[in-house]
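Chemist: So here's start_4.pdb, just PDB, C-alpha atoms:
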```
ATOM      1  CA  MET A   7      -4.732  19.270 -15.949
ATOM      2  CA  SER A   8      -4.264  18.590 -12.231
ATOM      3  CA  LEU A   9      -1.101  17.005 -10.867
ATOM      4  CA  ARG A  10      -2.991  13.826  -9.948
ATOM      5  CA  LEU A  11      -4.511  13.449 -13.407
ATOM      6  CA  SER A  12      -1.128  14.105 -15.017
ATOM      7  CA  CYS A  13       0.554  11.522 -12.784
ATOM      8  CA  LEU A  14      -2.181   8.973 -13.434
ATOM      9  CA  ALA A  15      -2.081   9.511 -17.205
ATOM     10  CA  LEU A  16       1.690   9.261 -17.329
ATOM     11  CA  CYS A  17       1.803   6.196 -15.080
ATOM     12  CA  SER A  18      -0.902   4.480 -17.140
ATOM     13  CA  ALA A  19       0.961   5.178 -20.369
ATOM     14  CA  LEU A  20       4.185   3.798 -18.950
ATOM     15  CA  LEU A  21       2.452   0.731 -17.529
ATOM     16  CA  PHE A  22       1.279  -0.196 -20.998
ATOM     17  CA  SER A  23       4.668   0.487 -22.586
ATOM     18  CA  ASN A  24       6.255  -2.561 -20.896
ATOM     19  CA  VAL A  25       8.689  -0.649 -18.690
ATOM     20  CA  ALA A  26      10.111  -3.171 -16.222
ATOM     21  CA  LEU A  27      13.064  -3.599 -13.910
ATOM     22  CA  SER A  28      14.411  -7.081 -13.262
ATOM     23  CA  GLN A  29      16.031  -7.109  -9.847
ATOM     24  CA  ALA A  30      15.881  -9.215  -6.717
ATOM     25  CA  PRO A  31      13.125  -8.040  -4.352
ATOM     26  CA  ALA A  32      14.191  -5.252  -1.995
ATOM     27  CA  ALA A  33      14.134  -5.721   1.783
ATOM     28  CA  GLY A  34      10.884  -3.756   2.032
ATOM     29  CA  TYR A  35       9.024  -5.842  -0.559
ATOM     30  CA  MET A  36       6.071  -8.057   0.387
ATOM     31  CA  ASP A  37       4.655 -10.404  -2.258
ATOM     32  CA  PHE A  38       0.859 -10.126  -2.436
ATOM     33  CA  THR A  39       0.414 -12.131  -5.655
ATOM     34  CA  GLN A  40      -0.935 -15.175  -3.797
ATOM     35  CA  LEU A  41      -3.882 -13.210  -2.359
ATOM     36  CA  SER A  42      -5.946 -13.782  -5.506
ATOM     37  CA  GLN A  43      -6.051 -17.502  -4.679
ATOM     38  CA  HIS A  44      -7.973 -16.584  -1.535
ATOM     39  CA  TYR A  45      -9.982 -13.513  -2.579
ATOM     40  CA  GLY A  46     -10.384 -14.066  -6.320
ATOM     41  CA  ASN A  47      -9.399 -11.434  -8.857
ATOM     42  CA  ALA A  48      -8.473  -8.016  -7.503
ATOM     43  CA  LYS A  49     -10.895  -5.169  -8.195
ATOM     44  CA  VAL A  50      -7.914  -2.860  -8.370
ATOM     45  CA  GLU A  51      -4.266  -3.759  -8.878
ATOM     46  CA  VAL A  52      -1.497  -1.154  -8.946
ATOM     47  CA  ASN A  53       2.169  -2.029  -9.578
ATOM     48  CA  LEU A  54       4.493   0.954  -9.876
ATOM     49  CA  ASN A  55       8.229   0.436 -10.275
ATOM     50  CA  LYS A  56      11.075   2.927  -9.714
ATOM     51  CA  ALA A  57      10.825   4.306 -13.262
ATOM     52  CA  LEU A  58       7.103   5.024 -12.967
ATOM     53  CA  ILE A  59       7.465   6.564  -9.517
ATOM     54  CA  GLY A  60      10.334   8.665 -10.880
ATOM     55  CA  MET A  61       8.046  10.069 -13.563
ATOM     56  CA  ALA A  62       5.433  10.936 -10.925
ATOM     57  CA  SER A  63       8.186  12.569  -8.873
ATOM     58  CA  MET A  64       9.237  14.732 -11.820
ATOM     59  CA  LEU A  65       5.658  15.897 -12.284
ATOM     60  CA  ALA A  66       5.280  16.565  -8.553
ATOM     61  CA  GLN A  67       8.514  18.596  -8.468
ATOM     62  CA  GLN A  68       6.750  21.529 -10.118
ATOM     63  CA  GLN A  69       4.026  21.812  -7.478
ATOM     64  CA  ASP A  70       5.346  20.086  -4.360
ATOM     65  CA  ALA A  71       9.113  19.697  -3.974
ATOM     66  CA  GLU A  72       8.738  17.925  -0.610
ATOM     67  CA  LEU A  73       6.488  15.272  -2.166
ATOM     68  CA  ALA A  74       8.963  14.835  -5.031
ATOM     69  CA  ILE A  75      11.722  14.118  -2.490
ATOM     70  CA  LEU A  76       9.496  11.529  -0.757
ATOM     71  CA  LEU A  77       8.714   9.808  -4.050
ATOM     72  CA  ASN A  78      12.381   9.761  -5.131
ATOM     73  CA  LYS A  79      13.212   7.565  -2.134
ATOM     74  CA  LEU A  80      10.747   4.872  -3.213
ATOM     75  CA  GLU A  81      11.573   1.753  -5.210
ATOM     76  CA  GLN A  82       8.121   0.281  -5.750
ATOM     77  CA  VAL A  83       4.454   0.665  -4.789
ATOM     78  CA  ASN A  84       2.012  -2.250  -5.067
ATOM     79  CA  ALA A  85      -1.647  -2.218  -4.099
ATOM     80  CA  ARG A  86      -4.505  -4.680  -4.302
ATOM     81  CA  VAL A  87      -8.210  -4.163  -3.541
ATOM     82  CA  TYR A  88     -10.546  -7.153  -3.236
ATOM     83  CA  SER A  89     -14.332  -7.392  -2.809
ATOM     84  CA  LEU A  90     -15.368  -9.332   0.301
ATOM     85  CA  ASN A  91     -18.984 -10.095  -0.626
ATOM     86  CA  ASN A  92     -19.866  -9.742   3.087
ATOM     87  CA  ASN A  93     -17.521 -12.591   3.994
ATOM     88  CA  TYR A  94     -15.778 -10.793   6.850
ATOM     89  CA  ASP A  95     -14.876 -13.987   8.745
ATOM     90  CA  LYS A  96     -12.922 -15.349   5.795
ATOM     91  CA  ALA A  97     -11.288 -11.939   5.273
ATOM     92  CA  ASN A  98     -10.270 -11.725   8.939
ATOM     93  CA  ASP A  99      -8.768 -15.214   8.763
ATOM     94  CA  MET A 100      -6.703 -14.201   5.752
ATOM     95  CA  LEU A 101      -5.662 -10.935   7.400
ATOM     96  CA  ASN A 102      -4.462 -12.940  10.408
ATOM     97  CA  GLN A 103      -2.528 -15.352   8.168
ATOM     98  CA  VAL A 104      -0.812 -12.527   6.307
ATOM     99  CA  THR A 105      -0.102 -10.763   9.623
ATOM    100  CA  ASP A 106       1.595 -13.925  10.930
ATOM    101  CA  SER A 107       3.621 -14.257   7.725
ATOM    102  CA  VAL A 108       4.729 -10.616   7.810
ATOM    103  CA  GLN A 109       5.816 -10.866  11.443
ATOM    104  CA  LYS A 110       7.831 -14.036  10.728
ATOM    105  CA  GLN A 111       9.693 -12.051   8.065
ATOM    106  CA  GLN A 112      10.863  -9.491  10.664
ATOM    107  CA  TRP A 113       8.294  -6.776   9.946
ATOM    108  CA  GLN A 114       7.341  -4.628  12.943
ATOM    109  CA  ASN A 115       3.687  -3.921  13.705
ATOM    110  CA  VAL A 116       3.279  -0.160  14.211
ATOM    111  CA  VAL A 117      -0.525   0.204  13.980
ATOM    112  CA  THR A 118      -3.369  -2.179  14.818
ATOM    113  CA  ILE A 119      -6.957  -0.962  14.648
ATOM    114  CA  ASN A 120     -10.043  -3.103  15.278
ATOM    115  CA  GLU A 121     -13.200  -1.043  14.985
ATOM    116  CA  ASN A 122     -16.523  -2.814  14.373
ATOM    117  CA  LYS A 123     -15.951  -4.806  11.157
ATOM    118  CA  ASP A 124     -12.974  -2.663  10.125
ATOM    119  CA  ARG A 125      -9.399  -3.821  10.625
ATOM    120  CA  VAL A 126      -6.153  -1.980   9.864
ATOM    121  CA  ARG A 127      -2.594  -3.270  10.211
ATOM    122  CA  VAL A 128       0.511  -1.252   9.387
ATOM    123  CA  PHE A 129       3.962  -2.850   9.426
ATOM    124  CA  THR A 130       7.434  -1.476   8.758
ATOM    125  CA  ARG A 131      10.657  -3.240   7.930
ATOM    126  CA  SER A 132      14.033  -1.683   8.602
ATOM    127  CA  GLU A 133      17.412  -2.108   7.000
ATOM    128  CA  ASN A 134      20.560  -0.243   8.042
ATOM    129  CA  ASP A 135      18.587   1.769  10.621
ATOM    130  CA  LYS A 136      16.192   3.115   7.956
ATOM    131  CA  ILE A 137      12.694   2.011   7.093
ATOM    132  CA  ALA A 138      12.958  -0.057   3.910
ATOM    133  CA  GLY A 139       9.256  -0.705   3.444
ATOM    134  CA  VAL A 140       5.737  -0.308   4.741
ATOM    135  CA  VAL A 141       2.854  -2.770   4.468
ATOM    136  CA  VAL A 142      -0.733  -1.611   5.004
ATOM    137  CA  MET A 143      -3.504  -4.203   5.260
ATOM    138  CA  ALA A 144      -7.109  -3.281   5.881
ATOM    139  CA  ILE A 145     -10.628  -4.637   5.869
ATOM    140  CA  SER A 146     -13.242  -1.973   5.380
ATOM    141  CA  SER A 147     -17.009  -2.060   5.708
ATOM    142  CA  THR A 148     -17.469   1.445   4.228
ATOM    143  CA  VAL A 149     -18.253  -0.078   0.816
ATOM    144  CA  PRO A 150     -21.335  -2.336   0.570
ATOM    145  CA  GLY A 151     -20.158  -5.936   0.926
ATOM    146  CA  GLY A 152     -16.776  -4.808   2.250
ATOM    147  CA  GLU A 153     -13.316  -4.633   0.744
ATOM    148  CA  ALA A 154      -9.820  -5.804   1.638
ATOM    149  CA  TYR A 155      -6.821  -3.565   0.903
ATOM    150  CA  PHE A 156      -3.172  -4.546   0.708
ATOM    151  CA  VAL A 157      -0.510  -1.905   0.022
ATOM    152  CA  ASN A 158       3.269  -2.302  -0.017
ATOM    153  CA  ILE A 159       5.519   0.742  -0.301
ATOM    154  CA  VAL A 160       9.136  -0.258  -0.900
ATOM    155  CA  GLY A 161      11.899   2.215  -0.177
ATOM    156  CA  GLU A 162      12.906   4.699   2.457
ATOM    157  CA  ILE A 163       9.745   6.209   3.925
ATOM    158  CA  ASP A 164       8.536   7.691   7.182
ATOM    159  CA  PRO A 165       5.330   5.833   8.155
ATOM    160  CA  ALA A 166       3.717   9.213   8.883
ATOM    161  CA  ASN A 167       3.909   9.943   5.118
ATOM    162  CA  VAL A 168       2.210   6.733   3.924
ATOM    163  CA  SER A 169      -1.178   8.390   3.440
ATOM    164  CA  ARG A 170       0.385  11.282   1.522
ATOM    165  CA  VAL A 171       2.242   8.936  -0.839
ATOM    166  CA  ILE A 172      -0.869   6.812  -1.456
ATOM    167  CA  GLN A 173      -2.988   9.876  -2.182
ATOM    168  CA  SER A 174      -0.349  11.458  -4.431
ATOM    169  CA  LEU A 175      -0.273   8.305  -6.583
ATOM    170  CA  ASN A 176      -4.080   8.427  -6.785
ATOM    171  CA  ILE A 177      -4.612   5.047  -5.097
ATOM    172  CA  ASN A 178      -8.160   5.084  -3.702
ATOM    173  CA  LEU A 179      -8.498   3.240  -0.383
ATOM    174  CA  ASN A 180     -12.105   4.315   0.316
ATOM    175  CA  ASN A 181     -11.536   6.042   3.682
ATOM    176  CA  VAL A 182      -8.998   3.497   4.955
ATOM    177  CA  ASP A 183      -6.345   6.201   4.669
ATOM    178  CA  GLN A 184      -8.134   8.101   7.470
ATOM    179  CA  TYR A 185      -6.487   5.618   9.828
ATOM    180  CA  LEU A 186      -3.096   6.172   8.222
ATOM    181  CA  SER A 187      -3.077   9.881   8.967
ATOM    182  CA  LEU A 188      -3.308   9.313  12.730
ATOM    183  CA  PRO A 189      -0.126  10.184  14.609
ATOM    184  CA  TYR A 190       1.775   6.985  15.389
ATOM    185  CA  GLY A 191       1.864   6.010  19.012
ATOM    186  CA  GLN A 192      -1.781   6.899  19.774
TER     187      GLN A 192
END
```
Could you write out this file's structure as structure tokens?
Modeler:
Amino acid sequence: MSLRLSCLALCSALLFSNVALSQAPAAGYMDFTQLSQHYGNAKVEVNLNKALIGMASMLAQQQDAELAILLNKLEQVNARVYSLNNNYDKANDMLNQVTDSVQKQQWQNVVTINENKDRVRVFTRSENDKIAGVVVMAISSTVPGGEAYFVNIVGEIDPANVSRVIQSLNINLNNVDQYLSLPYGQ
């Protein structure tokens, strides 16, 4: 069985076993639970806590020690994918609202891409001179009707590794991650 399938199977099993951590939100956490009021139910919702990420890290250790180290520094990964039903104006309005909210909470915009109907925003938040979290928001027209993506990676992470972490946890962003693999500063 491939590493991705093993990680996905293990994470799914743990998700249904009621493993939970009750702590105050970390500095790098962004609450996306209110998005369903705007977009409706998420097509995809992923919520991985430290315990689940730790299990994925243990599995990764056998094949990719560097990835295991990256995963060990994470506290939480949350992702939401919503169908747009061709309502790009409404989606752009919501993206702008969330962007404003994130910036008011001291997140730094590191990537902004506006290409045709597609939009990508990447923000980081620092604590003690280390990145404590990354937020990725995107609107994509690559899927018929369009989709909106919201990802929050909580923990110490280099923004250049966001795409690698997302892919290793088998979170499908339908080509949005192509923008995340660009070198920052371009």
Chemist: Determine the residue set returned by the PyMOL selection byres ((chain A and resi 33-43) around 10) for the present structure, and present it as a ChimeraX atom specification.
Modeler: /A:30-32,44-48,81-86,88,100,104,107-108,111,113,130-133,137-141,156-162
Chemist: Which residues fall under the PyMOL selection byres ((chain A and resi 65-80) around 10) in this file, as a VMD selection string?
Modeler: chain A and resid 9 to 10 12 to 13 16 54 to 57 59 to 64 81 to 83 138 to 139 159 to 164 167 to 168 170 to 171 174 to 175
Chemist: What's the separation between atom CA of Ile177 of chain A and atom CA of Asn134 of chain A, in Å to one decimal place?
Modeler: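 Atom-to-atom, atom CA of Ile177 of chain A to atom CA of Asn134 of chain A, that is 28.9 Å.
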Chemist: Report the distance between atom CA of Asn122 of chain A and atom CA of Ser147 of chain A in Å, rounded to one decimal place.
Modeler: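 Computing it gives 8.7 Å between the two atoms.
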Chemist: What does the structure give for the distance between atom CA of Lys136 of chain A and atom CA of Asn115 of chain A, in Å to one decimal?
Modeler: 15.5 Å
Chemist: For Glu121 of chain A, find every residue with an atom within 12 Å (counting all atoms listed in the file), except residues of its own chain fewer than 2 positions away, and show them as a list in words.
Modeler: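 Surrounding residues, per the criterion: Thr118, Ile119, Lys123, Asp124, Arg125, Val126, Arg127, Ala144, Ile145, Ser146, Ser147, Thr148, Val182 and Tyr185 of chain A.
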Chemist: With 4 Å added on each side, what axis-aligned box encloses every listed atom of segment 152-163 of chain A? Give the centre and edge lengths in Å to one decimal, as AutoDock Vina command-line options.
Modeler:
```
--center_x -1.9 --center_y 0.2 --center_z 1.5 --size_x 37.7 --size_y 20.0 --size_z 12.8
```
Chemist: Which is closer to Val117 of chain A than all the others in A:Val87, A:Phe129, A:Gln103, A:Asn98, using only C-alpha atoms?
Modeler: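 Between A:Val87, A:Phe129, A:Gln103, A:Asn98, the residue approaching Val117 of chain A most closely is A:Phe129.
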